[in-house]
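Colleague: First the structure, then my questions, so here it is.
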Amino acid sequence: MQQQQMKTVYFIRHGVARHNIPDPNTGQMPNLFDERYTDPPLVQQGEMQACELGAKLQQMGLISDGMIRRSDAMDTDCNQKRPIDLVVCSPLMRCIQTALHIFPNFSSICCHGDVREAFGMHYPDRRSPLSQIKANFPNLTYHQQSLSSEDDIDWQPHKRETQVDVEKRVASFLAWLTEQPQESIVVVTHGVFIECALLKYFPQVLEFGKKRVYNCEVYVAHLAYDGNQHELNNVKQIA
């Protein structure tokens, strides 16, 4: 039996995006079935949220200006933090922008299709063509297996992912994380993805479904694994 290993994972929901706020002319919330809201960007409020969160994480010692020292790598307790050494984000515009505002000087941010929002029916959750994303964000790295098609072939106009579908993606992504060498990881993703992950592994932190995850909130968790299985534990909200 393999010895249990552990990583620290910080789940961050993206900042406020265009589809999250009322229309300034009508006062109505956007129609998520309107194609004009495909893959919307952050609004100014969301950009400010992300920049402020970046400053807060730096104050907490999670964003380092220097080299990561092994003496910092004590992550057996959430109160003993090591600087972030991997940032993963959803391929949707609002998450990429959030990650870049929080980590403007990070050397490499990985765009991974498994951490996208629940897809189908809602146009804000339909990703842009891959070539367009890469042209707009050439300095990112892209997870090839989860982002293998130019167009978003997973998104369908008449069918939306279920909670069980998202939970399968969560499990697949966490298994991928266990294979990475980094030990302190940020995942910039979406509200439904975070809620599905936490409700599956540590539901008490969301009061068993009574609590929602809001823009730019941060939840830290221990990802424990032994080669055969993995789980999230010791989850708490830190921002």
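Every chain in the structure tokens takes a letter, A first, then B, and so on in the order presented; its residues are numbered from 1, and the ligands are numbered from 1 following the presented order.
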Write out as a VMD selection string the residues lying within 12 Å of Lys168 of chain A, counting only C-alpha atoms and excluding same-chain residues fewer than 5 positions away.

Modeller: chain A and resid 114 to 115 118 161 to 163 173 to 175 193 196 to 197 200

Colleague: Mind the document's chain letters and residue numbers, and return as a ChimeraX atom specification the residues of segment 35-166 of chain A that DSSP labels strand (DSSP E).

Modeller: /A:86-89,109-111,141-142

Colleague: Selected residues, all heavy atoms, written as a compact mmCIF listing (two decimals), in the first residue's frame, please.

Modeller:
# COMPACT_ATOMS: atom_id res chain seq x y z
N LEU A 86 1.77 26.27 -8.92
CA LEU A 86 1.04 25.91 -10.13
C LEU A 86 -0.30 26.66 -10.13
O LEU A 86 -0.99 26.67 -9.12
CB LEU A 86 0.79 24.40 -10.21
CG LEU A 86 -0.08 23.91 -11.38
CD1 LEU A 86 0.58 24.20 -12.72
CD2 LEU A 86 -0.38 22.42 -11.25
N VAL A 87 -0.63 27.27 -11.26
CA VAL A 87 -1.93 27.92 -11.44
C VAL A 87 -2.61 27.26 -12.63
O VAL A 87 -2.05 27.18 -13.73
CB VAL A 87 -1.79 29.43 -11.69
CG1 VAL A 87 -3.16 30.05 -11.98
CG2 VAL A 87 -1.13 30.12 -10.51
N VAL A 88 -3.82 26.77 -12.40
CA VAL A 88 -4.63 26.14 -13.44
C VAL A 88 -5.90 26.96 -13.59
O VAL A 88 -6.48 27.39 -12.58
CB VAL A 88 -4.98 24.68 -13.08
CG1 VAL A 88 -5.75 24.02 -14.22
CG2 VAL A 88 -3.73 23.89 -12.74
N CYS A 89 -6.35 27.17 -14.81
CA CYS A 89 -7.59 27.93 -14.99
C CYS A 89 -8.46 27.31 -16.07
O CYS A 89 -7.98 26.57 -16.94
CB CYS A 89 -7.30 29.39 -15.31
SG CYS A 89 -6.62 29.69 -16.95
N ILE A 109 0.80 29.68 -16.62
CA ILE A 109 -0.56 29.33 -16.18
C ILE A 109 -1.10 28.29 -17.14
O ILE A 109 -1.05 28.47 -18.36
CB ILE A 109 -1.47 30.57 -16.14
CG1 ILE A 109 -0.94 31.58 -15.11
CG2 ILE A 109 -2.91 30.19 -15.83
CD1 ILE A 109 -1.69 32.90 -15.09
N CYS A 110 -1.61 27.21 -16.60
CA CYS A 110 -2.10 26.10 -17.42
C CYS A 110 -3.61 26.20 -17.59
O CYS A 110 -4.36 26.25 -16.61
CB CYS A 110 -1.74 24.77 -16.77
SG CYS A 110 -2.40 23.33 -17.64
N CYS A 111 -4.05 26.21 -18.83
CA CYS A 111 -5.48 26.25 -19.15
C CYS A 111 -5.97 24.81 -19.33
O CYS A 111 -5.44 24.07 -20.18
CB CYS A 111 -5.65 27.06 -20.43
SG CYS A 111 -7.31 27.63 -20.74
N THR A 141 -0.09 27.94 -21.10
CA THR A 141 0.05 26.59 -21.62
C THR A 141 -1.34 25.96 -21.66
O THR A 141 -2.23 26.34 -20.90
CB THR A 141 0.98 25.74 -20.73
OG1 THR A 141 0.44 25.66 -19.41
CG2 THR A 141 2.37 26.37 -20.66
N TYR A 142 -1.53 24.99 -22.55
CA TYR A 142 -2.85 24.43 -22.78
C TYR A 142 -2.80 22.91 -22.66
O TYR A 142 -1.97 22.26 -23.30
CB TYR A 142 -3.37 24.84 -24.17
CG TYR A 142 -3.61 26.33 -24.27
CD1 TYR A 142 -2.58 27.21 -24.60
CD2 TYR A 142 -4.86 26.87 -23.98
CE1 TYR A 142 -2.80 28.58 -24.66
CE2 TYR A 142 -5.09 28.23 -24.04
CZ TYR A 142 -4.05 29.08 -24.37
OH TYR A 142 -4.28 30.44 -24.43

Colleague: Determine, counting only C-alpha atoms, which protein, DNA and RNA residues have an atom within 9 Å of an atom of Gly209 of chain A; residues of the same chain fewer than 5 positions away are not included. Present the result as a PDB file with C-alpha atoms, in the first residue's frame.

Modeller:
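That gives us result-v9.pdb:
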ATOM      1  CA  GLU A 195     -19.775  23.709  -5.424  1.00  0.00           C
ATOM      2  CA  LEU A 199     -20.391  19.042  -1.955  1.00  0.00           C
ATOM      3  CA  PRO A 203     -20.195  19.207   2.002  1.00  0.00           C
ATOM      4  CA  GLN A 204     -20.214  20.730   5.497  1.00  0.00           C
TER       5      GLN A 204
END

Colleague: For Arg94 of chain A, please output as a PDB file with all heavy atoms, in the first residue's frame all residues within 10 Å (counting only C-alpha atoms; exclusion window: fewer than 2 positions along the same chain).

Modeller:
ATOM      1  N   ARG A  13     -13.180  31.198  -7.426  1.00  0.00           N
ATOM      2  CA  ARG A  13     -14.172  31.504  -8.453  1.00  0.00           C
ATOM      3  C   ARG A  13     -13.765  32.799  -9.162  1.00  0.00           C
ATOM      4  O   ARG A  13     -13.250  33.728  -8.527  1.00  0.00           O
ATOM      5  CB  ARG A  13     -15.576  31.662  -7.854  1.00  0.00           C
ATOM      6  CG  ARG A  13     -16.632  31.837  -8.955  1.00  0.00           C
ATOM      7  CD  ARG A  13     -18.023  32.100  -8.430  1.00  0.00           C
ATOM      8  NE  ARG A  13     -18.912  32.420  -9.547  1.00  0.00           N
ATOM      9  CZ  ARG A  13     -20.144  32.881  -9.428  1.00  0.00           C
ATOM     10  NH1 ARG A  13     -20.660  33.078  -8.236  1.00  0.00           N
ATOM     11  NH2 ARG A  13     -20.858  33.142 -10.501  1.00  0.00           N
ATOM     12  N   HIS A  14     -14.016  32.864 -10.452  1.00  0.00           N
ATOM     13  CA  HIS A  14     -13.678  34.040 -11.253  1.00  0.00           C
ATOM     14  C   HIS A  14     -14.363  35.303 -10.727  1.00  0.00           C
ATOM     15  O   HIS A  14     -15.350  35.246  -9.995  1.00  0.00           O
ATOM     16  CB  HIS A  14     -14.081  33.818 -12.713  1.00  0.00           C
ATOM     17  CG  HIS A  14     -15.558  33.611 -12.888  1.00  0.00           C
ATOM     18  ND1 HIS A  14     -16.462  34.648 -12.922  1.00  0.00           N
ATOM     19  CD2 HIS A  14     -16.290  32.471 -13.008  1.00  0.00           C
ATOM     20  CE1 HIS A  14     -17.674  34.172 -13.078  1.00  0.00           C
ATOM     21  NE2 HIS A  14     -17.609  32.840 -13.119  1.00  0.00           N
ATOM     22  N   GLY A  15     -13.853  36.455 -11.140  1.00  0.00           N
ATOM     23  CA  GLY A  15     -14.462  37.730 -10.785  1.00  0.00           C
ATOM     24  C   GLY A  15     -15.766  37.961 -11.536  1.00  0.00           C
ATOM     25  O   GLY A  15     -16.165  37.184 -12.417  1.00  0.00           O
ATOM     26  N   VAL A  16     -16.433  39.042 -11.195  1.00  0.00           N
ATOM     27  CA  VAL A  16     -17.719  39.364 -11.811  1.00  0.00           C
ATOM     28  C   VAL A  16     -17.541  39.584 -13.311  1.00  0.00           C
ATOM     29  O   VAL A  16     -16.694  40.378 -13.745  1.00  0.00           O
ATOM     30  CB  VAL A  16     -18.338  40.613 -11.163  1.00  0.00           C
ATOM     31  CG1 VAL A  16     -19.587  41.046 -11.911  1.00  0.00           C
ATOM     32  CG2 VAL A  16     -18.670  40.341  -9.701  1.00  0.00           C
ATOM     33  N   ALA A  17     -18.328  38.879 -14.086  1.00  0.00           N
ATOM     34  CA  ALA A  17     -18.276  38.969 -15.542  1.00  0.00           C
ATOM     35  C   ALA A  17     -19.558  39.609 -16.077  1.00  0.00           C
ATOM     36  O   ALA A  17     -20.503  39.872 -15.333  1.00  0.00           O
ATOM     37  CB  ALA A  17     -18.058  37.588 -16.156  1.00  0.00           C
ATOM     38  N   ARG A  18     -19.548  39.829 -17.357  1.00  0.00           N
ATOM     39  CA  ARG A  18     -20.637  40.579 -17.999  1.00  0.00           C
ATOM     40  C   ARG A  18     -22.010  39.958 -17.758  1.00  0.00           C
ATOM     41  O   ARG A  18     -23.010  40.661 -17.617  1.00  0.00           O
ATOM     42  CB  ARG A  18     -20.351  40.668 -19.506  1.00  0.00           C
ATOM     43  CG  ARG A  18     -21.332  41.521 -20.293  1.00  0.00           C
ATOM     44  CD  ARG A  18     -20.949  41.543 -21.760  1.00  0.00           C
ATOM     45  NE  ARG A  18     -22.023  42.114 -22.577  1.00  0.00           N
ATOM     46  CZ  ARG A  18     -22.294  41.707 -23.800  1.00  0.00           C
ATOM     47  NH1 ARG A  18     -21.594  40.745 -24.356  1.00  0.00           N
ATOM     48  NH2 ARG A  18     -23.283  42.277 -24.489  1.00  0.00           N
ATOM     49  N   ASP A  39     -19.200  33.277 -23.854  1.00  0.00           N
ATOM     50  CA  ASP A  39     -17.870  33.439 -23.259  1.00  0.00           C
ATOM     51  C   ASP A  39     -17.579  34.898 -22.884  1.00  0.00           C
ATOM     52  O   ASP A  39     -16.620  35.499 -23.383  1.00  0.00           O
ATOM     53  CB  ASP A  39     -16.806  32.919 -24.230  1.00  0.00           C
ATOM     54  CG  ASP A  39     -15.467  32.645 -23.533  1.00  0.00           C
ATOM     55  OD1 ASP A  39     -15.405  32.733 -22.293  1.00  0.00           O
ATOM     56  OD2 ASP A  39     -14.480  32.357 -24.244  1.00  0.00           O
ATOM     57  N   PRO A  40     -18.350  35.473 -21.978  1.00  0.00           N
ATOM     58  CA  PRO A  40     -18.214  36.903 -21.671  1.00  0.00           C
ATOM     59  C   PRO A  40     -16.954  37.216 -20.857  1.00  0.00           C
ATOM     60  O   PRO A  40     -16.472  36.386 -20.090  1.00  0.00           O
ATOM     61  CB  PRO A  40     -19.470  37.194 -20.853  1.00  0.00           C
ATOM     62  CG  PRO A  40     -19.767  35.892 -20.188  1.00  0.00           C
ATOM     63  CD  PRO A  40     -19.403  34.831 -21.180  1.00  0.00           C
ATOM     64  N   PRO A  41     -16.437  38.427 -21.006  1.00  0.00           N
ATOM     65  CA  PRO A  41     -15.259  38.846 -20.245  1.00  0.00           C
ATOM     66  C   PRO A  41     -15.639  39.373 -18.867  1.00  0.00           C
ATOM     67  O   PRO A  41     -16.816  39.574 -18.550  1.00  0.00           O
ATOM     68  CB  PRO A  41     -14.678  39.969 -21.108  1.00  0.00           C
ATOM     69  CG  PRO A  41     -15.906  40.605 -21.706  1.00  0.00           C
ATOM     70  CD  PRO A  41     -16.857  39.454 -21.978  1.00  0.00           C
ATOM     71  N   LEU A  42     -14.631  39.630 -18.058  1.00  0.00           N
ATOM     72  CA  LEU A  42     -14.840  40.335 -16.797  1.00  0.00           C
ATOM     73  C   LEU A  42     -15.296  41.764 -17.072  1.00  0.00           C
ATOM     74  O   LEU A  42     -14.933  42.357 -18.083  1.00  0.00           O
ATOM     75  CB  LEU A  42     -13.547  40.384 -15.981  1.00  0.00           C
ATOM     76  CG  LEU A  42     -12.938  39.082 -15.480  1.00  0.00           C
ATOM     77  CD1 LEU A  42     -11.661  39.380 -14.704  1.00  0.00           C
ATOM     78  CD2 LEU A  42     -13.922  38.308 -14.620  1.00  0.00           C
ATOM     79  N   VAL A  43     -16.069  42.297 -16.149  1.00  0.00           N
ATOM     80  CA  VAL A  43     -16.343  43.728 -16.156  1.00  0.00           C
ATOM     81  C   VAL A  43     -15.323  44.385 -15.223  1.00  0.00           C
ATOM     82  O   VAL A  43     -14.528  43.708 -14.575  1.00  0.00           O
ATOM     83  CB  VAL A  43     -17.789  44.020 -15.699  1.00  0.00           C
ATOM     84  CG1 VAL A  43     -18.793  43.440 -16.693  1.00  0.00           C
ATOM     85  CG2 VAL A  43     -18.049  43.477 -14.298  1.00  0.00           C
ATOM     86  N   GLY A  46     -15.083  43.032 -11.763  1.00  0.00           N
ATOM     87  CA  GLY A  46     -14.409  41.744 -11.671  1.00  0.00           C
ATOM     88  C   GLY A  46     -12.903  41.870 -11.762  1.00  0.00           C
ATOM     89  O   GLY A  46     -12.161  41.151 -11.077  1.00  0.00           O
ATOM     90  N   GLU A  47     -12.423  42.779 -12.607  1.00  0.00           N
ATOM     91  CA  GLU A  47     -10.987  43.023 -12.699  1.00  0.00           C
ATOM     92  C   GLU A  47     -10.445  43.542 -11.369  1.00  0.00           C
ATOM     93  O   GLU A  47      -9.376  43.110 -10.911  1.00  0.00           O
ATOM     94  CB  GLU A  47     -10.698  44.016 -13.818  1.00  0.00           C
ATOM     95  CG  GLU A  47     -11.010  43.480 -15.212  1.00  0.00           C
ATOM     96  CD  GLU A  47     -10.849  44.542 -16.284  1.00  0.00           C
ATOM     97  OE1 GLU A  47     -10.702  45.739 -15.931  1.00  0.00           O
ATOM     98  OE2 GLU A  47     -10.875  44.184 -17.481  1.00  0.00           O
ATOM     99  N   CYS A  89      -6.351  27.169 -14.814  1.00  0.00           N
ATOM    100  CA  CYS A  89      -7.591  27.929 -14.992  1.00  0.00           C
ATOM    101  C   CYS A  89      -8.458  27.307 -16.070  1.00  0.00           C
ATOM    102  O   CYS A  89      -7.984  26.567 -16.940  1.00  0.00           O
ATOM    103  CB  CYS A  89      -7.296  29.394 -15.311  1.00  0.00           C
ATOM    104  SG  CYS A  89      -6.624  29.685 -16.949  1.00  0.00           S
ATOM    105  N   SER A  90      -9.726  27.630 -16.002  1.00  0.00           N
ATOM    106  CA  SER A  90     -10.699  27.251 -17.021  1.00  0.00           C
ATOM    107  C   SER A  90     -10.360  27.967 -18.329  1.00  0.00           C
ATOM    108  O   SER A  90      -9.792  29.060 -18.327  1.00  0.00           O
ATOM    109  CB  SER A  90     -12.094  27.658 -16.540  1.00  0.00           C
ATOM    110  OG  SER A  90     -13.001  27.786 -17.620  1.00  0.00           O
ATOM    111  N   PRO A  91     -10.739  27.388 -19.472  1.00  0.00           N
ATOM    112  CA  PRO A  91     -10.489  28.050 -20.755  1.00  0.00           C
ATOM    113  C   PRO A  91     -11.472  29.162 -21.078  1.00  0.00           C
ATOM    114  O   PRO A  91     -11.358  29.792 -22.143  1.00  0.00           O
ATOM    115  CB  PRO A  91     -10.617  26.902 -21.768  1.00  0.00           C
ATOM    116  CG  PRO A  91     -11.598  25.963 -21.136  1.00  0.00           C
ATOM    117  CD  PRO A  91     -11.290  26.025 -19.652  1.00  0.00           C
ATOM    118  N   LEU A  92     -12.436  29.417 -20.204  1.00  0.00           N
ATOM    119  CA  LEU A  92     -13.378  30.501 -20.455  1.00  0.00           C
ATOM    120  C   LEU A  92     -12.743  31.833 -20.090  1.00  0.00           C
ATOM    121  O   LEU A  92     -11.965  31.949 -19.148  1.00  0.00           O
ATOM    122  CB  LEU A  92     -14.674  30.270 -19.680  1.00  0.00           C
ATOM    123  CG  LEU A  92     -15.462  29.025 -20.125  1.00  0.00           C
ATOM    124  CD1 LEU A  92     -16.728  28.858 -19.304  1.00  0.00           C
ATOM    125  CD2 LEU A  92     -15.803  29.085 -21.602  1.00  0.00           C
ATOM    126  N   ILE A  96      -9.614  33.006 -17.319  1.00  0.00           N
ATOM    127  CA  ILE A  96      -8.266  33.365 -17.773  1.00  0.00           C
ATOM    128  C   ILE A  96      -7.922  34.771 -17.315  1.00  0.00           C
ATOM    129  O   ILE A  96      -6.840  35.023 -16.776  1.00  0.00           O
ATOM    130  CB  ILE A  96      -8.167  33.241 -19.306  1.00  0.00           C
ATOM    131  CG1 ILE A  96      -8.369  31.794 -19.755  1.00  0.00           C
ATOM    132  CG2 ILE A  96      -6.814  33.769 -19.786  1.00  0.00           C
ATOM    133  CD1 ILE A  96      -8.395  31.617 -21.269  1.00  0.00           C
ATOM    134  N   GLN A  97      -8.845  35.708 -17.512  1.00  0.00           N
ATOM    135  CA  GLN A  97      -8.591  37.087 -17.101  1.00  0.00           C
ATOM    136  C   GLN A  97      -8.404  37.190 -15.590  1.00  0.00           C
ATOM    137  O   GLN A  97      -7.517  37.913 -15.115  1.00  0.00           O
ATOM    138  CB  GLN A  97      -9.748  37.976 -17.551  1.00  0.00           C
ATOM    139  CG  GLN A  97      -9.827  38.168 -19.056  1.00  0.00           C
ATOM    140  CD  GLN A  97     -11.033  38.994 -19.456  1.00  0.00           C
ATOM    141  OE1 GLN A  97     -12.119  38.865 -18.880  1.00  0.00           O
ATOM    142  NE2 GLN A  97     -10.856  39.854 -20.447  1.00  0.00           N
ATOM    143  N   THR A  98      -9.220  36.470 -14.833  1.00  0.00           N
ATOM    144  CA  THR A  98      -9.086  36.487 -13.375  1.00  0.00           C
ATOM    145  C   THR A  98      -7.708  35.979 -12.960  1.00  0.00           C
ATOM    146  O   THR A  98      -7.034  36.586 -12.117  1.00  0.00           O
ATOM    147  CB  THR A  98     -10.185  35.623 -12.724  1.00  0.00           C
ATOM    148  OG1 THR A  98     -11.470  36.166 -13.051  1.00  0.00           O
ATOM    149  CG2 THR A  98     -10.031  35.597 -11.211  1.00  0.00           C
ATOM    150  N   ALA A  99      -7.278  34.870 -13.542  1.00  0.00           N
ATOM    151  CA  ALA A  99      -5.971  34.310 -13.206  1.00  0.00           C
ATOM    152  C   ALA A  99      -4.849  35.292 -13.522  1.00  0.00           C
ATOM    153  O   ALA A  99      -3.911  35.460 -12.728  1.00  0.00           O
ATOM    154  CB  ALA A  99      -5.762  32.996 -13.968  1.00  0.00           C
ATOM    155  N   PRO A 124     -23.037  31.776 -21.836  1.00  0.00           N
ATOM    156  CA  PRO A 124     -21.805  32.196 -21.154  1.00  0.00           C
ATOM    157  C   PRO A 124     -20.842  31.049 -20.860  1.00  0.00           C
ATOM    158  O   PRO A 124     -19.653  31.290 -20.621  1.00  0.00           O
ATOM    159  CB  PRO A 124     -22.333  32.816 -19.848  1.00  0.00           C
ATOM    160  CG  PRO A 124     -23.693  33.307 -20.199  1.00  0.00           C
ATOM    161  CD  PRO A 124     -24.240  32.255 -21.123  1.00  0.00           C
ATOM    162  N   VAL A 188      -8.389  28.351 -10.786  1.00  0.00           N
ATOM    163  CA  VAL A 188      -9.324  29.452 -11.049  1.00  0.00           C
ATOM    164  C   VAL A 188     -10.429  28.889 -11.930  1.00  0.00           C
ATOM    165  O   VAL A 188     -10.214  28.548 -13.091  1.00  0.00           O
ATOM    166  CB  VAL A 188      -8.629  30.645 -11.727  1.00  0.00           C
ATOM    167  CG1 VAL A 188      -9.622  31.786 -11.928  1.00  0.00           C
ATOM    168  CG2 VAL A 188      -7.439  31.122 -10.897  1.00  0.00           C
ATOM    169  N   THR A 189     -11.623  28.803 -11.378  1.00  0.00           N
ATOM    170  CA  THR A 189     -12.690  28.069 -12.036  1.00  0.00           C
ATOM    171  C   THR A 189     -14.035  28.763 -11.796  1.00  0.00           C
ATOM    172  O   THR A 189     -14.082  29.990 -11.654  1.00  0.00           O
ATOM    173  CB  THR A 189     -12.671  26.595 -11.560  1.00  0.00           C
ATOM    174  OG1 THR A 189     -13.724  25.872 -12.192  1.00  0.00           O
ATOM    175  CG2 THR A 189     -12.773  26.465 -10.051  1.00  0.00           C
ATOM    176  N   HIS A 190     -15.097  27.996 -11.722  1.00  0.00           N
ATOM    177  CA  HIS A 190     -16.457  28.536 -11.726  1.00  0.00           C
ATOM    178  C   HIS A 190     -17.236  28.092 -10.492  1.00  0.00           C
ATOM    179  O   HIS A 190     -16.881  27.104  -9.839  1.00  0.00           O
ATOM    180  CB  HIS A 190     -17.183  28.073 -12.983  1.00  0.00           C
ATOM    181  CG  HIS A 190     -16.470  28.429 -14.251  1.00  0.00           C
ATOM    182  ND1 HIS A 190     -16.751  29.555 -14.970  1.00  0.00           N
ATOM    183  CD2 HIS A 190     -15.464  27.798 -14.907  1.00  0.00           C
ATOM    184  CE1 HIS A 190     -15.954  29.619 -16.032  1.00  0.00           C
ATOM    185  NE2 HIS A 190     -15.172  28.560 -16.021  1.00  0.00           N
TER     186      HIS A 190
END

Colleague: Segment 125-138 of chain A: which residues within 10 Å, counting only C-alpha atoms, same-chain residues fewer than 5 positions away excluded, as a ChimeraX atom specification?

Modeller: /A:32,35,37-40,90-93,96-97,100,113,116-120,147-157,190

Colleague: Have a look at atom CA of Met6 of chain A and atom CA of Leu177 of chain A and let me know their distance in Å, one decimal.

Modeller: 10.7 Å
